Amino acid sequence: MLNPMLHPHSLSSSLLGRQLQAGSSSSTHVAASMGGRGRGGWSGSNDGGLILGPNDGAGRSGGPQGPPGRLIIPGGAGQSFGGPGRGGPRSPIGLDDAVPSSGPGTLPQPNKYRPPPGFMNESVQDPALAQQDPQEMLGKLRARAGAWHSLAKLLPVLYAKGFDTSTVAELTGVNPVDQNLWVVGGTVYDSIVSTGKVAPAVLSFFDFNGEELLYHFRFLPAERRAAAAAYIAANALDAPACEALARAMKEWERRMGERTGFSNSPGDCLAFKYLRDAVECRFAEEAAEKLAAAFEAADTEGAAARLSEWRDTELAAAEAATTSYASKAVLQVLRLQQDELGFRPLPQVSQLPRLSVEELTAAPSTSQEGAFGAFNMPATGRDQKWVALPQWKALALARHPVAIPLENCAAEPSVLAASRAKTEEEKKRLTGAGLLVVDTVVPGPLDPNAFYLVKQHNEQRLALAEGAKLAGDGGAAAVAPVAAVLFLCRPPNRESSITSAELLQL
């Protein structure tokens, strides 16, 4: 008869102690539950459980609507959980399998939900090796008792038994890099042996450091590996040469349209690789060295013929081109920008106010053509002064532009009025030479915001006039202008940060 006043935890410990002393082998998974109106409760049947708790489960161990607290004795039936608490139905996670068996003298069991190491790459193992003691296999690896390809067969067995690469390295001294070489090289070695086409004398060549030689042939089929092994042993190739041979044999398989004349023998594959290297060489000396190596490696007459053909054509042409166009002098090639090329030649006439109508209208014009804007000087303008200005948009649209020099821009009243210079400092900035560009072909109605050149009263001299003063009713000119003023350009000024390109579009 159990005392109902005993604490559930002390009672559960007592019961577990008695069961362990009795030598019970059942599982020791234990779960304690608290029901009632707390955060959640467990409910359901417990055919193999023992109900414990003071006051028959009332109070903390159970509420009036929920079952009393339960202690699940090891070996009991499966439980269902739930209750009317705030948390609603709850199911414990991993309750039955979370704690492994830990009886006296029992080793910890591995997690049954975790696959063993290397289960995805396990190969068919020799049954005799699989039955060997792991300590015996570790001793063989530690003492290097045998050829590397024989010891390599022990590594997958150890991996399957739970030994990883780091553990094997600590116990045997074979580092993980060498383990990888042994396993991969051993697989290549076994595939070569399985073909039955390689003599024992050839296989013995790989007994010492053969893993470094065969490792590079892991991507080739077994038949190609056997041919490569015979070639390696016959020519005593080292590891870098074996890597180059493996790449050459793989490249021969990919380049079906370029390998004409070359067979699939290892020597022809190397010759084909050296030929491609010679084609990509920049200097004739390097190409000649690659070609010589290709001739030495070639096995068949077809490969030799293909190499001779390339030597007589491509290499000869390359040498001829090198000797014909070789020069020690350096030629500077400059690519012009659009703004560097765009310019327009303008005839320059007399200054104002000495400029007459006849001189302005008789100024020659020229046209440009070609990529560099070449122009011909007209016969009437050989003695004429010319000035070249950037091809701004305002100048490019002009039909007959003419340049009129101004000795001092500040001395021209129209220029002062148009610049709105009021202070002496502003007027001082206008002091200096300028170039007034006009178009003798005056377009349509007059622009009231523009300047024009007109004849002075009863004189042939020209003067500047505003368009607003010249236009009559409907925009018609009361006085016919001789030319329209396009713009006034000034020479460069170091103090000014505003450029003409900002004022006029190119």
# chains A, B, ... in the order shown; residues from 1 in each chain; ligands from 1

call {"tool": "residues_around", "arguments": {"residues": "A:Leu129", "least_positions_apart": "2", "cutoff": "12 Å", "atoms": "only C-alpha atoms", "output": "VMD selection string"}}
result
chain A and resid 124 to 127 131 to 134 136 to 137 150 to 158 160 to 161

call {"tool": "residues_around", "arguments": {"residues": "A:Trp148", "least_positions_apart": "6", "cutoff": "9 Å", "atoms": "only C-alpha atoms", "output": "list in words"}}
result
Trp182, Gly186, Asp207, Phe208, Asn209, Gly210 and Glu211 of chain A

call {"tool": "residues_around", "arguments": {"residues": "stretch 270-277 of chain A", "least_positions_apart": "5", "cutoff": "10 Å", "atoms": "only C-alpha atoms", "output": "MDAnalysis selection string"}}
result
chainID A and resid 244:249 251:252 258:265 286:299 303:304 306:307 310:311

call {"tool": "select_by_dssp", "arguments": {"residues": "stretch 363-462 of chain A", "states": "strand (DSSP E or B)", "output": "list of chain:residue names"}}
result
A:Gln368, A:Glu369, A:Ala374, A:Phe375, A:Lys385, A:Trp386, A:Val387, A:Ala388, A:Leu389, A:Pro390, A:Pro401, A:Val402, A:Ala403, A:Ile404, A:Pro405, A:Leu406, A:Gly434, A:Leu435, A:Leu436, A:Val437, A:Val438, A:Asp439, A:Phe451, A:Tyr452, A:Leu453, A:Val454, A:Lys455, A:Arg461, A:Leu462

call {"tool": "closest_residue", "arguments": {"among": "A:Leu397, A:Trp392, A:Arg490, A:Gln332", "to": "A:Cys409", "atoms": "only C-alpha atoms"}}
result
A:Arg490

call {"tool": "residues_around", "arguments": {"residues": "A:Ala363", "least_positions_apart": "5", "cutoff": "9 Å", "atoms": "only C-alpha atoms", "output": "VMD selection string"}}
result
chain A and resid 347 to 349 358 380 to 381 384 400 402

call {"tool": "closest_residue", "arguments": {"among": "A:Leu213, A:Ala230, A:Phe375, A:Ala480", "to": "A:Ala201", "atoms": "only C-alpha atoms"}}
result
A:Ala230

call {"tool": "residues_around", "arguments": {"residues": "stretch 459-468 of chain A", "least_positions_apart": "4", "cutoff": "6 Å", "atoms": "only C-alpha atoms", "output": "ChimeraX atom specification"}}
result
/A:356-357,447-448,450-455

call {"tool": "residues_around", "arguments": {"residues": "A:Phe206", "least_positions_apart": "6", "cutoff": "10 Å", "atoms": "only C-alpha atoms", "output": "JSON, numbers by chain"}}
result
{"A": [147, 148, 149, 189, 212, 213, 214, 229, 232, 233]}

call {"tool": "write_last_selection", "arguments": {"atoms": "N, CA, C and O atoms", "output": "PDB file, in the first residue's frame"}}
result
ATOM      1  N   ALA A 147      51.227  -2.373 -49.518  1.00  0.00           N
ATOM      2  CA  ALA A 147      51.210  -1.324 -50.527  1.00  0.00           C
ATOM      3  C   ALA A 147      50.040  -0.380 -50.268  1.00  0.00           C
ATOM      4  O   ALA A 147      49.040  -0.738 -49.633  1.00  0.00           O
ATOM      5  N   TRP A 148      50.160   0.802 -50.793  1.00  0.00           N
ATOM      6  CA  TRP A 148      49.140   1.824 -50.520  1.00  0.00           C
ATOM      7  C   TRP A 148      47.773   1.410 -51.056  1.00  0.00           C
ATOM      8  O   TRP A 148      46.744   1.708 -50.436  1.00  0.00           O
ATOM      9  N   HIS A 149      47.736   0.736 -52.226  1.00  0.00           N
ATOM     10  CA  HIS A 149      46.441   0.371 -52.788  1.00  0.00           C
ATOM     11  C   HIS A 149      45.798  -0.762 -51.988  1.00  0.00           C
ATOM     12  O   HIS A 149      44.581  -0.958 -52.053  1.00  0.00           O
ATOM     13  N   TYR A 189      43.097   2.261 -59.459  1.00  0.00           N
ATOM     14  CA  TYR A 189      43.994   1.106 -59.568  1.00  0.00           C
ATOM     15  C   TYR A 189      43.195  -0.189 -59.716  1.00  0.00           C
ATOM     16  O   TYR A 189      43.508  -1.039 -60.565  1.00  0.00           O
ATOM     17  N   GLU A 212      49.456   9.344 -56.316  1.00  0.00           N
ATOM     18  CA  GLU A 212      49.588  10.687 -56.881  1.00  0.00           C
ATOM     19  C   GLU A 212      49.538  10.664 -58.397  1.00  0.00           C
ATOM     20  O   GLU A 212      49.184  11.668 -59.017  1.00  0.00           O
ATOM     21  N   LEU A 213      49.876   9.543 -59.011  1.00  0.00           N
ATOM     22  CA  LEU A 213      49.864   9.435 -60.472  1.00  0.00           C
ATOM     23  C   LEU A 213      48.473   9.074 -60.989  1.00  0.00           C
ATOM     24  O   LEU A 213      48.026   9.620 -62.004  1.00  0.00           O
ATOM     25  N   LEU A 214      47.783   8.178 -60.311  1.00  0.00           N
ATOM     26  CA  LEU A 214      46.492   7.694 -60.798  1.00  0.00           C
ATOM     27  C   LEU A 214      45.328   8.576 -60.375  1.00  0.00           C
ATOM     28  O   LEU A 214      44.231   8.450 -60.928  1.00  0.00           O
ATOM     29  N   ALA A 229      47.833   4.029 -67.967  1.00  0.00           N
ATOM     30  CA  ALA A 229      48.780   3.400 -67.045  1.00  0.00           C
ATOM     31  C   ALA A 229      49.972   2.812 -67.791  1.00  0.00           C
ATOM     32  O   ALA A 229      51.124   2.934 -67.349  1.00  0.00           O
ATOM     33  N   ILE A 232      52.172   5.713 -68.871  1.00  0.00           N
ATOM     34  CA  ILE A 232      52.885   6.314 -67.739  1.00  0.00           C
ATOM     35  C   ILE A 232      54.076   5.463 -67.340  1.00  0.00           C
ATOM     36  O   ILE A 232      55.187   5.975 -67.105  1.00  0.00           O
ATOM     37  N   ALA A 233      53.869   4.146 -67.250  1.00  0.00           N
ATOM     38  CA  ALA A 233      54.977   3.269 -66.860  1.00  0.00           C
ATOM     39  C   ALA A 233      56.064   3.233 -67.920  1.00  0.00           C
ATOM     40  O   ALA A 233      57.257   3.166 -67.587  1.00  0.00           O
TER      41      ALA A 233
END

call {"tool": "closest_residue", "arguments": {"among": "A:Leu416, A:Ala403, A:Gly370, A:Ala145", "to": "A:Lys428", "atoms": "only C-alpha atoms"}}
result
A:Leu416
